[in-house]
file model00.cif (mmCIF, C-alpha atoms)
data_target
#
loop_
_atom_site.label_atom_id
_atom_site.label_comp_id
_atom_site.auth_asym_id
_atom_site.auth_seq_id
_atom_site.Cartn_x
_atom_site.Cartn_y
_atom_site.Cartn_z
CA MET A 213 102.78 97.47 85.49
CA SER A 214 103.79 96.49 81.96
CA ARG A 215 100.84 94.17 81.47
CA PRO A 216 98.42 95.81 79.04
CA VAL A 217 94.88 96.46 80.28
CA ARG A 218 92.79 93.92 78.45
CA THR A 219 89.34 95.30 78.99
CA ARG A 220 87.71 98.20 80.79
CA THR A 221 85.24 95.90 82.51
CA ASP A 222 87.70 93.37 83.89
CA PRO A 223 86.21 92.88 87.43
CA ASP A 224 89.53 93.11 89.30
CA GLU A 225 90.48 96.27 87.47
CA MET A 226 87.01 97.69 88.11
CA ARG A 227 87.33 97.05 91.85
CA VAL A 228 90.72 98.77 91.90
CA ARG A 229 89.34 101.80 90.04
CA ILE A 230 86.33 102.07 92.39
CA LEU A 231 88.65 101.91 95.40
CA GLU A 232 90.97 104.56 93.96
CA VAL A 233 88.13 106.98 93.24
CA ALA A 234 86.47 106.27 96.60
CA GLU A 235 89.70 106.80 98.54
CA ASP A 236 90.36 110.02 96.67
CA HIS A 237 86.84 111.25 97.56
CA PHE A 238 87.11 110.13 101.20
CA ARG A 239 90.42 111.97 101.51
CA ARG A 240 89.26 115.15 99.82
CA ILE A 241 85.62 115.39 100.88
CA GLY A 242 85.51 113.15 103.93
CA TYR A 243 84.01 109.74 104.47
CA GLN A 244 80.66 110.91 105.81
CA LYS A 245 80.03 113.38 102.98
CA THR A 246 80.87 110.99 100.14
CA SER A 247 77.99 108.93 98.72
CA VAL A 248 78.13 105.87 96.48
CA ALA A 249 76.40 108.06 93.87
CA ASP A 250 79.37 110.50 93.97
CA ILE A 251 81.81 107.65 93.37
CA ALA A 252 79.65 106.25 90.56
CA SER A 253 79.30 109.67 88.92
CA GLU A 254 83.08 110.21 88.93
CA LEU A 255 83.49 106.85 87.18
CA GLY A 256 80.72 107.62 84.69
CA MET A 257 78.63 104.70 85.85
CA SER A 258 75.40 104.11 87.80
CA PRO A 259 75.36 103.44 91.57
CA ALA A 260 73.78 100.05 90.76
CA ASN A 261 76.95 99.20 88.86
CA ILE A 262 79.08 99.98 91.95
CA TYR A 263 76.86 97.72 94.04
CA ARG A 264 77.79 94.83 91.71
CA PHE A 265 81.32 95.11 93.16
CA PHE A 266 80.71 96.37 96.70
CA PRO A 267 77.48 95.84 98.63
CA SER A 268 77.79 99.18 100.49
CA LYS A 269 79.93 102.25 101.14
CA GLY A 270 81.01 100.42 104.31
CA ALA A 271 82.37 97.56 102.21
CA ILE A 272 84.43 100.04 100.16
CA ASN A 273 85.80 101.55 103.38
CA GLU A 274 86.59 98.03 104.58
CA SER A 275 88.76 97.36 101.52
CA ILE A 276 90.58 100.67 101.87
CA CYS A 277 91.18 100.02 105.57
CA GLY A 278 92.66 96.68 104.67
CA ARG A 279 95.22 98.51 102.54
CA VAL A 280 95.97 101.16 105.18
CA THR A 281 96.45 98.57 107.94
CA GLN A 282 98.63 96.52 105.57
CA GLU A 283 100.99 99.52 105.31
CA ILE A 284 101.46 99.42 109.09
CA VAL A 285 102.00 95.65 109.11
CA ASP A 286 104.59 96.02 106.29
CA LEU A 287 106.34 98.69 108.34
CA ALA A 288 106.36 96.36 111.38
CA PHE A 289 107.76 93.43 109.37
CA ALA A 290 110.47 95.69 107.92
CA VAL A 291 111.65 96.53 111.46
CA ALA A 292 111.26 92.93 112.67
CA ARG A 293 113.49 91.66 109.84
CA THR A 294 116.44 93.97 110.61
CA LYS A 295 119.61 92.74 112.36
CA ALA A 296 119.01 94.85 115.50
CA THR A 297 118.63 93.45 119.02
CA ALA A 298 115.12 92.60 120.21
CA ALA A 299 115.09 95.68 122.49
CA GLU A 300 116.05 97.92 119.57
CA LYS A 301 113.36 96.33 117.42
CA ILE A 302 110.68 96.93 120.08
CA ASP A 303 111.85 100.52 120.40
CA ARG A 304 111.95 101.20 116.64
CA LEU A 305 108.67 99.42 115.99
CA LEU A 306 106.68 101.30 118.64
CA THR A 307 108.24 104.61 117.61
CA ALA A 308 107.59 103.98 113.92
CA ILE A 309 103.92 103.07 114.40
CA HIS A 310 103.28 106.05 116.66
CA ARG A 311 104.89 108.45 114.18
CA HIS A 312 103.11 106.85 111.24
CA ASN A 313 99.71 107.20 112.95
CA LYS A 314 100.46 110.72 114.11
CA SER A 315 101.59 111.90 110.69
CA THR A 316 98.55 110.29 109.07
CA LEU A 317 96.48 112.30 111.51
CA ILE A 318 98.26 115.58 110.92
CA LYS A 319 98.79 115.35 107.19
CA GLU A 320 95.76 113.36 106.17
CA LYS A 321 92.98 114.28 108.55
CA LYS A 322 90.39 112.70 106.24
CA THR A 323 92.20 109.35 106.11
CA HIS A 324 92.27 109.47 109.87
CA ASP A 325 88.50 110.07 109.98
CA MET A 326 88.04 107.11 107.65
CA ILE A 327 89.97 104.87 110.06
CA ALA A 328 88.02 106.24 113.03
CA VAL A 329 84.79 105.28 111.23
CA ALA A 330 86.23 101.86 110.47
CA MET A 331 87.08 101.32 114.13
CA GLU A 332 83.36 101.42 114.78
CA GLU A 333 81.88 100.01 111.56
CA ASN A 334 84.51 97.44 110.65
CA TRP A 335 85.77 96.50 114.10
CA PRO A 336 86.52 92.85 113.08
CA ILE A 337 89.03 94.09 110.47
CA ILE A 338 90.72 96.47 112.92
CA LYS A 339 90.73 93.76 115.58
CA GLU A 340 92.39 91.34 113.16
CA HIS A 341 94.97 94.03 112.39
CA ILE A 342 95.70 94.53 116.11
CA ASP A 343 96.03 90.76 116.53
CA ARG A 344 98.56 90.62 113.68
CA MET A 345 100.57 93.42 115.25
CA THR A 346 100.48 91.65 118.61
CA THR A 347 101.83 88.51 116.91
CA ILE A 348 104.76 90.53 115.55
CA PHE A 349 105.46 91.88 119.07
CA GLU A 350 105.36 88.29 120.35
CA ALA A 351 107.86 87.10 117.73
CA ILE A 352 110.31 89.84 118.72
CA ILE A 353 109.84 89.07 122.44
CA ARG A 354 110.54 85.35 121.78
CA GLU A 355 113.69 86.35 119.87
CA GLY A 356 114.77 88.44 122.86
CA VAL A 357 114.13 85.59 125.29
CA GLU A 358 116.11 83.15 123.14
CA ALA A 359 118.99 85.62 122.93
CA GLY A 360 118.95 85.97 126.74
CA GLU A 361 118.07 89.61 126.29
CA PHE A 362 114.57 89.49 127.87
CA GLN A 363 113.30 87.63 130.94
CA VAL A 364 109.70 86.72 130.14
CA ASP A 365 107.70 83.66 131.24
CA ASP A 366 104.83 84.01 128.79
CA PRO A 367 105.72 85.83 125.55
CA ALA A 368 102.10 85.86 124.30
CA ALA A 369 100.85 87.50 127.52
CA ALA A 370 103.77 89.97 127.41
CA ALA A 371 102.91 90.87 123.81
CA ARG A 372 99.31 91.62 124.82
CA ALA A 373 100.55 93.83 127.67
CA VAL A 374 102.90 95.68 125.30
CA LYS A 375 99.98 96.25 122.94
CA ILE A 376 97.74 97.57 125.78
CA SER A 377 100.54 99.77 127.15
CA PHE A 378 100.86 101.35 123.74
CA ILE A 379 97.21 101.97 122.94
CA PRO A 380 97.51 105.67 123.90
CA PHE A 381 100.23 106.05 121.22
CA PHE A 382 98.42 104.03 118.52
CA HIS A 383 94.74 104.86 118.93
CA PRO A 384 93.62 107.57 116.45
CA LEU A 385 91.16 109.21 118.87
CA LEU A 386 93.71 109.42 121.70
CA ILE A 387 96.43 110.79 119.41
CA GLU A 388 93.94 113.32 118.09
CA HIS A 389 93.05 114.35 121.64
CA CYS A 390 96.73 114.85 122.56
CA ILE A 391 97.47 116.91 119.47
CA ARG A 392 94.37 119.05 119.98
CA HIS A 393 95.41 119.81 123.56
CA GLY A 394 99.02 120.49 122.57
CA GLU A 395 100.49 117.61 124.56
CA ASP A 396 103.98 116.36 123.84
CA THR A 397 103.63 112.70 122.97
CA GLU A 398 107.31 112.26 122.08
CA ALA A 399 108.68 112.57 125.64
CA ASP A 400 106.00 110.23 126.98
CA LEU A 401 106.80 107.82 124.15
CA ARG A 402 110.47 107.53 125.17
CA GLY A 403 109.49 107.00 128.83
CA GLN A 404 106.90 104.40 127.91
CA ILE A 405 109.38 102.41 125.80
CA ARG A 406 111.87 102.35 128.71
CA PHE A 407 109.11 101.20 131.06
CA ILE A 408 108.03 98.43 128.67
CA LEU A 409 111.60 97.19 128.18
CA LYS A 410 111.97 97.02 131.95
CA ALA A 411 108.74 94.98 132.17
CA LEU A 412 110.24 92.63 129.58
CA GLY A 413 113.13 92.11 131.97
CA LYS A 414 115.68 93.69 129.64
CA THR A 415 119.18 92.85 130.76
CA GLY A 416 122.28 94.93 130.19
CA MET B 126 72.37 118.08 158.38
CA SER B 127 70.88 119.40 161.66
CA ARG B 128 71.61 123.04 160.84
CA PRO B 129 68.33 124.72 159.93
CA VAL B 130 68.08 126.31 156.49
CA ARG B 131 68.19 130.02 157.12
CA THR B 132 66.97 131.35 153.83
CA ARG B 133 65.96 129.98 150.46
CA THR B 134 68.26 132.33 148.66
CA ASP B 135 71.45 131.57 150.56
CA PRO B 136 73.93 131.50 147.62
CA ASP B 137 75.75 128.31 148.68
CA GLU B 138 72.52 126.47 149.21
CA MET B 139 71.24 127.73 145.87
CA ARG B 140 74.34 126.46 144.07
CA VAL B 141 73.90 123.04 145.68
CA ARG B 142 70.24 122.89 144.66
CA ILE B 143 71.03 123.88 141.06
CA LEU B 144 73.72 121.19 140.88
CA GLU B 145 71.39 118.54 142.31
CA VAL B 146 68.61 119.32 139.86
CA ALA B 147 71.07 119.59 136.95
CA GLU B 148 72.75 116.28 137.78
CA ASP B 149 69.36 114.58 138.09
CA HIS B 150 68.38 115.94 134.65
CA PHE B 151 71.72 115.00 133.06
CA ARG B 152 71.38 111.46 134.42
CA ARG B 153 67.75 111.00 133.40
CA ILE B 154 67.54 112.94 130.15
CA GLY B 155 71.17 113.20 129.10
CA TYR B 156 73.59 116.09 129.09
CA GLN B 157 72.98 117.18 125.50
CA LYS B 158 69.19 117.22 125.81
CA THR B 159 69.06 119.21 129.05
CA SER B 160 68.89 123.00 128.75
CA VAL B 161 69.48 125.64 131.41
CA ALA B 162 65.77 126.52 130.94
CA ASP B 163 64.81 122.95 131.97
CA ILE B 164 66.88 123.23 135.14
CA ALA B 165 65.44 126.67 135.91
CA SER B 166 61.89 125.49 135.32
CA GLU B 167 62.31 122.54 137.71
CA LEU B 168 63.53 124.98 140.37
CA GLY B 169 60.67 127.40 139.68
CA MET B 170 63.06 130.17 138.67
CA SER B 171 64.12 131.99 135.50
CA PRO B 172 67.17 130.95 133.44
CA ALA B 173 68.61 134.41 134.20
CA ASN B 174 68.57 133.48 137.86
CA ILE B 175 70.60 130.33 137.15
CA TYR B 176 73.14 132.41 135.23
CA ARG B 177 73.74 134.44 138.42
CA PHE B 178 75.30 131.28 139.86
CA PHE B 179 76.75 129.52 136.81
CA PRO B 180 77.75 131.33 133.59
CA SER B 181 76.77 128.35 131.38
CA LYS B 182 75.58 124.75 131.24
CA GLY B 183 79.25 123.87 130.76
CA ALA B 184 80.08 125.51 134.11
CA ILE B 185 77.39 123.38 135.80
CA ASN B 186 78.86 120.26 134.20
CA GLU B 187 82.30 121.37 135.39
CA SER B 188 81.11 121.48 139.02
CA ILE B 189 79.46 118.08 138.76
CA CYS B 190 82.60 116.61 137.16
CA GLY B 191 84.58 117.98 140.07
CA ARG B 192 82.42 115.93 142.41
CA VAL B 193 82.57 112.76 140.26
CA THR B 194 86.37 112.91 139.93
CA GLN B 195 86.62 113.59 143.68
CA GLU B 196 84.87 110.25 144.29
CA ILE B 197 87.65 108.51 142.37
CA VAL B 198 90.38 110.42 144.21
CA ASP B 199 88.74 109.50 147.56
CA LEU B 200 88.68 105.87 146.47
CA ALA B 201 92.39 106.08 145.57
CA PHE B 202 93.33 107.69 148.89
CA ALA B 203 91.35 105.03 150.76
CA VAL B 204 93.46 102.32 149.09
CA ALA B 205 96.71 104.28 149.51
CA ARG B 206 96.12 104.63 153.29
CA THR B 207 95.69 100.88 153.95
CA LYS B 208 98.43 98.78 155.55
CA ALA B 209 99.01 96.67 152.40
CA THR B 210 102.34 96.38 150.56
CA ALA B 211 102.98 98.85 147.74
CA ALA B 212 102.42 96.11 145.14
CA GLU B 213 99.08 95.22 146.69
CA LYS B 214 98.10 98.89 146.75
CA ILE B 215 98.95 99.32 143.05
CA ASP B 216 96.95 96.20 142.25
CA ARG B 217 93.89 97.21 144.33
CA LEU B 218 93.97 100.80 143.16
CA LEU B 219 94.08 100.01 139.44
CA THR B 220 91.42 97.31 139.85
CA ALA B 221 89.15 99.60 141.89
CA ILE B 222 89.33 102.49 139.41
CA HIS B 223 88.72 100.22 136.43
CA ARG B 224 85.67 98.63 138.10
CA HIS B 225 84.37 102.00 139.29
CA ASN B 226 84.57 103.46 135.78
CA LYS B 227 83.12 100.32 134.20
CA SER B 228 80.17 100.19 136.60
CA THR B 229 79.51 103.90 136.10
CA LEU B 230 79.37 103.15 132.41
CA ILE B 231 77.10 100.14 132.69
CA LYS B 232 74.76 101.38 135.42
CA GLU B 233 74.78 105.08 134.71
CA LYS B 234 75.19 105.52 131.00
CA LYS B 235 74.14 109.18 131.24
CA THR B 236 76.76 110.01 133.88
CA HIS B 237 79.29 108.40 131.59
CA ASP B 238 78.13 110.60 128.69
CA MET B 239 78.47 113.64 130.95
CA ILE B 240 82.09 112.72 131.70
CA ALA B 241 82.78 112.06 128.02
CA VAL B 242 81.51 115.58 127.24
CA ALA B 243 83.65 116.97 130.05
CA MET B 244 86.73 115.27 128.61
CA GLU B 245 86.31 117.53 125.62
CA GLU B 246 84.74 120.66 127.10
CA ASN B 247 86.46 120.76 130.49
CA TRP B 248 89.75 119.12 129.63
CA PRO B 249 91.74 121.20 132.18
CA ILE B 250 89.60 119.75 135.02
CA ILE B 251 90.01 116.19 133.78
CA LYS B 252 93.74 116.78 133.23
CA GLU B 253 94.09 118.05 136.79
CA HIS B 254 92.25 114.95 137.99
CA ILE B 255 94.62 112.68 136.04
CA ASP B 256 97.60 114.58 137.49
CA ARG B 257 96.28 114.04 141.03
CA MET B 258 95.85 110.34 140.36
CA THR B 259 99.39 110.15 138.95
CA THR B 260 100.67 111.80 142.13
CA ILE B 261 98.95 109.09 144.21
CA PHE B 262 100.61 106.41 142.03
CA GLU B 263 103.96 108.15 142.58
CA ALA B 264 103.49 108.18 146.37
CA ILE B 265 102.81 104.44 146.39
CA ILE B 266 105.81 103.77 144.12
CA ARG B 267 108.07 105.81 146.47
CA GLU B 268 106.75 103.79 149.41
CA GLY B 269 107.59 100.59 147.53
CA VAL B 270 111.10 101.82 146.72
CA GLU B 271 111.74 102.79 150.35
CA ALA B 272 110.50 99.38 151.51
CA GLY B 273 112.89 97.69 149.04
CA GLU B 274 109.87 96.27 147.26
CA PHE B 275 110.30 98.11 143.93
CA GLN B 276 113.44 98.93 141.91
CA VAL B 277 112.73 102.27 140.27
CA ASP B 278 115.18 105.07 139.42
CA ASP B 279 112.63 107.79 138.78
CA PRO B 280 109.31 107.36 140.66
CA ALA B 281 107.66 110.33 138.89
CA ALA B 282 108.48 108.92 135.44
CA ALA B 283 107.35 105.45 136.55
CA ALA B 284 104.04 106.90 137.79
CA ARG B 285 103.46 108.54 134.40
CA ALA B 286 104.17 105.22 132.66
CA VAL B 287 101.76 103.40 135.00
CA LYS B 288 99.11 105.99 134.17
CA ILE B 289 99.68 105.61 130.40
CA SER B 290 99.71 101.80 130.63
CA PHE B 291 96.32 101.98 132.31
CA ILE B 292 94.56 104.42 130.01
CA PRO B 293 92.75 101.59 128.19
CA PHE B 294 91.22 100.54 131.53
CA PHE B 295 90.33 104.05 132.72
CA HIS B 296 89.26 105.93 129.61
CA PRO B 297 85.44 106.03 129.28
CA LEU B 298 85.47 105.79 125.47
CA LEU B 299 87.82 102.79 125.42
CA ILE B 300 85.87 100.97 128.15
CA GLU B 301 82.67 101.67 126.24
CA HIS B 302 84.22 100.26 123.06
CA CYS B 303 85.32 97.06 124.86
CA ILE B 304 81.91 96.51 126.44
CA ARG B 305 80.12 97.13 123.15
CA HIS B 306 82.30 94.56 121.41
CA GLY B 307 81.92 92.05 124.25
CA GLU B 308 85.59 92.00 125.18
CA ASP B 309 86.72 90.63 128.50
CA THR B 310 88.57 93.43 130.22
CA GLU B 311 89.05 91.54 133.49
CA ALA B 312 91.58 89.00 132.16
CA ASP B 313 93.56 91.75 130.42
CA LEU B 314 93.45 93.79 133.63
CA ARG B 315 95.14 91.02 135.66
CA GLY B 316 97.81 90.58 132.97
CA GLN B 317 98.41 94.31 132.76
CA ILE B 318 98.86 94.66 136.54
CA ARG B 319 101.44 91.81 136.52
CA PHE B 320 103.27 93.50 133.63
CA ILE B 321 103.29 96.86 135.43
CA LEU B 322 104.57 95.36 138.67
CA LYS B 323 107.37 93.72 136.71
CA ALA B 324 108.26 97.09 135.15
CA LEU B 325 108.40 98.51 138.68
CA GLY B 326 111.05 95.89 139.43
CA LYS B 327 108.88 94.10 141.98
CA THR B 328 111.00 91.75 144.06
CA GLY B 329 109.86 88.54 145.75
#
call {"tool": "encode", "arguments": {"input": "model00.cif", "output": "structure tokens"}}
result
Amino acid sequence: MSRPVRTRTDPDEMRVRILEVAEDHFRRIGYQKTSVADIASELGMSPANIYRFFPSKGAINESICGRVTQEIVDLAFAVARTKATAAEKIDRLLTAIHRHNKSTLIKEKKTHDMIAVAMEENWPIIKEHIDRMTTIFEAIIREGVEAGEFQVDDPAAAARAVKISFIPFFHPLLIEHCIRHGEDTEADLRGQIRFILKALGKTG
Amino acid sequence: MSRPVRTRTDPDEMRVRILEVAEDHFRRIGYQKTSVADIASELGMSPANIYRFFPSKGAINESICGRVTQEIVDLAFAVARTKATAAEKIDRLLTAIHRHNKSTLIKEKKTHDMIAVAMEENWPIIKEHIDRMTTIFEAIIREGVEAGEFQVDDPAAAARAVKISFIPFFHPLLIEHCIRHGEDTEADLRGQIRFILKALGKTG
């Protein structure tokens, strides 16, 4: 923050500026309608100059998605680090991710579209993100087993099942479908969390 | 079958013929590319004549979807009526629907596209179908509770949770995504069924 900008063409700084302008365009105009030429023009440079930093518009989207998914992982770690019981952590984590995704969809429709594109074009990045999230679920499940709170034979398998059971509350297209058809996801969410905790053999 | 056709313009017979020709076109050419004029032309009639029976192409799709979803409901009832335990029924039912949807997708890509369109255009019909399936789940869960096989306080809520936990294995778009990215749904399916049975408090 306090470090002075040394030069306008510092490559790291240039990448950050391209990403900022691109994200702003994607959010305002939409991913599909934004071209690399638009981003270049806003920065007062040629498209060829952009391609020195990112090989394609897809690569720019990939970087932005990395940041957006990191926000969700940070949110998950914040819950995982609290002093709550494992059951409370599972509950808060699933609720927080669902609400985060839903509010992104409602408030920032264009960001949502960007992620939907990424789910097709940059599937490896999204898949890696889902794997990281599943690892966080697994860590909480192991904690619960050690505390005698959960009865689970295979925490990794249980974490995968939790992930699958929650896809309808995480997946942008399914959330979008529910909102469009006026369905109440909140009631289903509470029921689903109870069901999952029962599958984890929650005691007490 | 043995009843002789009385007249070519019998309204019921006409509806059946329109649906047959339409479904054949949707499967061969695709839903989007088929027009009411194409269907009319194949039947040697005018589009206006088709509109006497169905107000739109969407209405034709709606009727065909009714038949396709009925196949799945029939399949579910067939499993529900067997002499198996409730846990076995849940297992066979979920497996059968997943495989049915997956094979429809692989073998009949165009039928799959037709259903995907219906999920947007005829959502009330698909929703009613999902509700019927959930009712079949609930009946099996109640059977399991009565037999002392499951420990469930609220069978209707449990049936909804089973449905939600299985969306990734039923939803055409999600199955399509998995197949396209070469993911193995079969292993996840087995794990998910075990997880669900645990959530239903399966004993023994």
call {"tool": "resolve_selection", "arguments": {"input": "model00.cif", "expression": "the PyMOL selection byres ((chain A) within 10 of (chain B))", "output": "VMD selection string"}}
result
chain A and resid 331 to 332 335 to 336 364 369 to 370 372 to 381 383 385 to 386 389 392 to 393 400 to 401 403 to 414
call {"tool": "residues_around", "arguments": {"input": "model00.cif", "residues": "Asp325 of chain A", "least_positions_apart": "2", "cutoff": "10 Å", "atoms": "all atoms listed in the file", "output": "ChimeraX atom specification"}}
result
/A:238-239,242-244,317,320-323,327-331,384-385
call {"tool": "write_last_selection", "arguments": {"input": "model00.cif", "atoms": "C-alpha atoms", "output": "short mmCIF file (atom, residue, chain, number, x, y, z; two decimals), in the coordinates of the input"}}
result
data_model
loop_
_atom_site.label_atom_id
_atom_site.label_comp_id
_atom_site.auth_asym_id
_atom_site.auth_seq_id
_atom_site.Cartn_x
_atom_site.Cartn_y
_atom_site.Cartn_z
CA PHE A 238 87.11 110.13 101.20
CA ARG A 239 90.42 111.97 101.51
CA GLY A 242 85.51 113.15 103.93
CA TYR A 243 84.01 109.74 104.47
CA GLN A 244 80.66 110.91 105.81
CA LEU A 317 96.48 112.30 111.51
CA GLU A 320 95.76 113.36 106.17
CA LYS A 321 92.98 114.28 108.55
CA LYS A 322 90.39 112.70 106.24
CA THR A 323 92.20 109.35 106.11
CA ILE A 327 89.97 104.87 110.06
CA ALA A 328 88.02 106.24 113.03
CA VAL A 329 84.79 105.28 111.23
CA ALA A 330 86.23 101.86 110.47
CA MET A 331 87.08 101.32 114.13
CA PRO A 384 93.62 107.57 116.45
CA LEU A 385 91.16 109.21 118.87
#
call {"tool": "resolve_selection", "arguments": {"input": "model00.cif", "expression": "the PyMOL selection byres ((chain B and resi 193) around 12)", "output": "list in words"}}
result
Glu148, Asn186, Glu187, Ser188, Ile189, Cys190, Gly191, Arg192, Thr194, Gln195, Glu196, Ile197, Val198, Asp199, Leu200, His225, Asn226, Thr229, Thr236, His237, Met239, Ile240, Ala243, Ile250, Ile251 and His254 of chain B
call {"tool": "resolve_selection", "arguments": {"input": "model00.cif", "expression": "the PyMOL selection byres ((chain A and resi 254-258) around 12)", "output": "ChimeraX atom specification"}}
result
/A:220-221,226-234,236-237,246-253,259-264
call {"tool": "write_last_selection", "arguments": {"input": "model00.cif", "atoms": "C-alpha atoms", "output": "short mmCIF file (atom, residue, chain, number, x, y, z; two decimals), in the frame of the given file"}}
result
data_model
loop_
_atom_site.label_atom_id
_atom_site.label_comp_id
_atom_site.auth_asym_id
_atom_site.auth_seq_id
_atom_site.Cartn_x
_atom_site.Cartn_y
_atom_site.Cartn_z
CA ARG A 220 87.71 98.20 80.79
CA THR A 221 85.24 95.90 82.51
CA MET A 226 87.01 97.69 88.11
CA ARG A 227 87.33 97.05 91.85
CA VAL A 228 90.72 98.77 91.90
CA ARG A 229 89.34 101.80 90.04
CA ILE A 230 86.33 102.07 92.39
CA LEU A 231 88.65 101.91 95.40
CA GLU A 232 90.97 104.56 93.96
CA VAL A 233 88.13 106.98 93.24
CA ALA A 234 86.47 106.27 96.60
CA ASP A 236 90.36 110.02 96.67
CA HIS A 237 86.84 111.25 97.56
CA THR A 246 80.87 110.99 100.14
CA SER A 247 77.99 108.93 98.72
CA VAL A 248 78.13 105.87 96.48
CA ALA A 249 76.40 108.06 93.87
CA ASP A 250 79.37 110.50 93.97
CA ILE A 251 81.81 107.65 93.37
CA ALA A 252 79.65 106.25 90.56
CA SER A 253 79.30 109.67 88.92
CA PRO A 259 75.36 103.44 91.57
CA ALA A 260 73.78 100.05 90.76
CA ASN A 261 76.95 99.20 88.86
CA ILE A 262 79.08 99.98 91.95
CA TYR A 263 76.86 97.72 94.04
CA ARG A 264 77.79 94.83 91.71
#
call {"tool": "atom_distance", "arguments": {"input": "model00.cif", "atom1": "atom CA of Ile266 of chain B", "atom2": "atom CA of Pro280 of chain B"}}
result
6.1 Å
call {"tool": "atom_distance", "arguments": {"input": "model00.cif", "atom1": "atom CA of Glu340 of chain A", "atom2": "atom CA of Ser228 of chain B"}}
result
27.9 Å
call {"tool": "closest_residue", "arguments": {"input": "model00.cif", "among": "B:Ala312, B:Ile215, B:Ile300, B:Val204", "to": "Phe275 of chain B", "atoms": "all atoms listed in the file"}}
result
B:Ile215
call {"tool": "atom_distance", "arguments": {"input": "model00.cif", "atom1": "atom CA of Arg315 of chain B", "atom2": "atom CA of Ile309 of chain A"}}
result
26.0 Å
call {"tool": "closest_residue", "arguments": {"input": "model00.cif", "among": "B:Ile255, B:Ile185, B:Cys303, B:Ile261", "to": "Phe202 of chain B", "atoms": "only C-alpha atoms"}}
result
B:Ile261
call {"tool": "closest_residue", "arguments": {"input": "model00.cif", "among": "A:Asp396, A:Glu355, A:Lys301, A:Pro223", "to": "Phe265 of chain A", "atoms": "all atoms listed in the file"}}
result
A:Pro223
call {"tool": "decode", "arguments": {"input": "model00.cif", "residues": "segment 305-319 of chain A", "atoms": "N, CA and C atoms", "output": "short mmCIF file (atom, residue, chain, number, x, y, z; two decimals), in the first residue's frame"}}
result
data_model
loop_
_atom_site.label_atom_id
_atom_site.label_comp_id
_atom_site.auth_asym_id
_atom_site.auth_seq_id
_atom_site.Cartn_x
_atom_site.Cartn_y
_atom_site.Cartn_z
N LEU A 305 -20.49 -23.18 7.70
CA LEU A 305 -19.75 -23.18 6.44
C LEU A 305 -20.70 -23.34 5.25
N LEU A 306 -21.57 -24.34 5.32
CA LEU A 306 -22.50 -24.59 4.21
C LEU A 306 -23.45 -23.42 4.02
N THR A 307 -23.92 -22.86 5.14
CA THR A 307 -24.82 -21.70 5.07
C THR A 307 -24.09 -20.51 4.45
N ALA A 308 -22.86 -20.27 4.91
CA ALA A 308 -22.11 -19.11 4.43
C ALA A 308 -21.83 -19.21 2.93
N ILE A 309 -21.45 -20.39 2.46
CA ILE A 309 -21.13 -20.52 1.02
C ILE A 309 -22.40 -20.34 0.19
N HIS A 310 -23.49 -20.96 0.65
CA HIS A 310 -24.74 -20.81 -0.10
C HIS A 310 -25.14 -19.34 -0.20
N ARG A 311 -25.08 -18.64 0.93
CA ARG A 311 -25.50 -17.23 0.92
C ARG A 311 -24.56 -16.37 0.08
N HIS A 312 -23.27 -16.68 0.17
CA HIS A 312 -22.28 -15.94 -0.61
C HIS A 312 -22.58 -16.11 -2.10
N ASN A 313 -22.80 -17.36 -2.53
CA ASN A 313 -23.06 -17.62 -3.95
C ASN A 313 -24.38 -17.00 -4.40
N LYS A 314 -25.37 -17.08 -3.53
CA LYS A 314 -26.68 -16.53 -3.86
C LYS A 314 -26.62 -15.00 -3.97
N SER A 315 -25.89 -14.37 -3.05
CA SER A 315 -25.85 -12.91 -3.10
C SER A 315 -25.00 -12.45 -4.27
N THR A 316 -23.96 -13.22 -4.63
CA THR A 316 -23.19 -12.89 -5.83
C THR A 316 -24.12 -12.91 -7.02
N LEU A 317 -25.01 -13.91 -7.04
CA LEU A 317 -25.92 -14.07 -8.17
C LEU A 317 -26.93 -12.93 -8.24
N ILE A 318 -27.46 -12.56 -7.07
CA ILE A 318 -28.50 -11.53 -7.07
C ILE A 318 -27.90 -10.15 -7.31
N LYS A 319 -26.82 -9.86 -6.57
CA LYS A 319 -26.26 -8.51 -6.64
C LYS A 319 -25.35 -8.31 -7.84
#
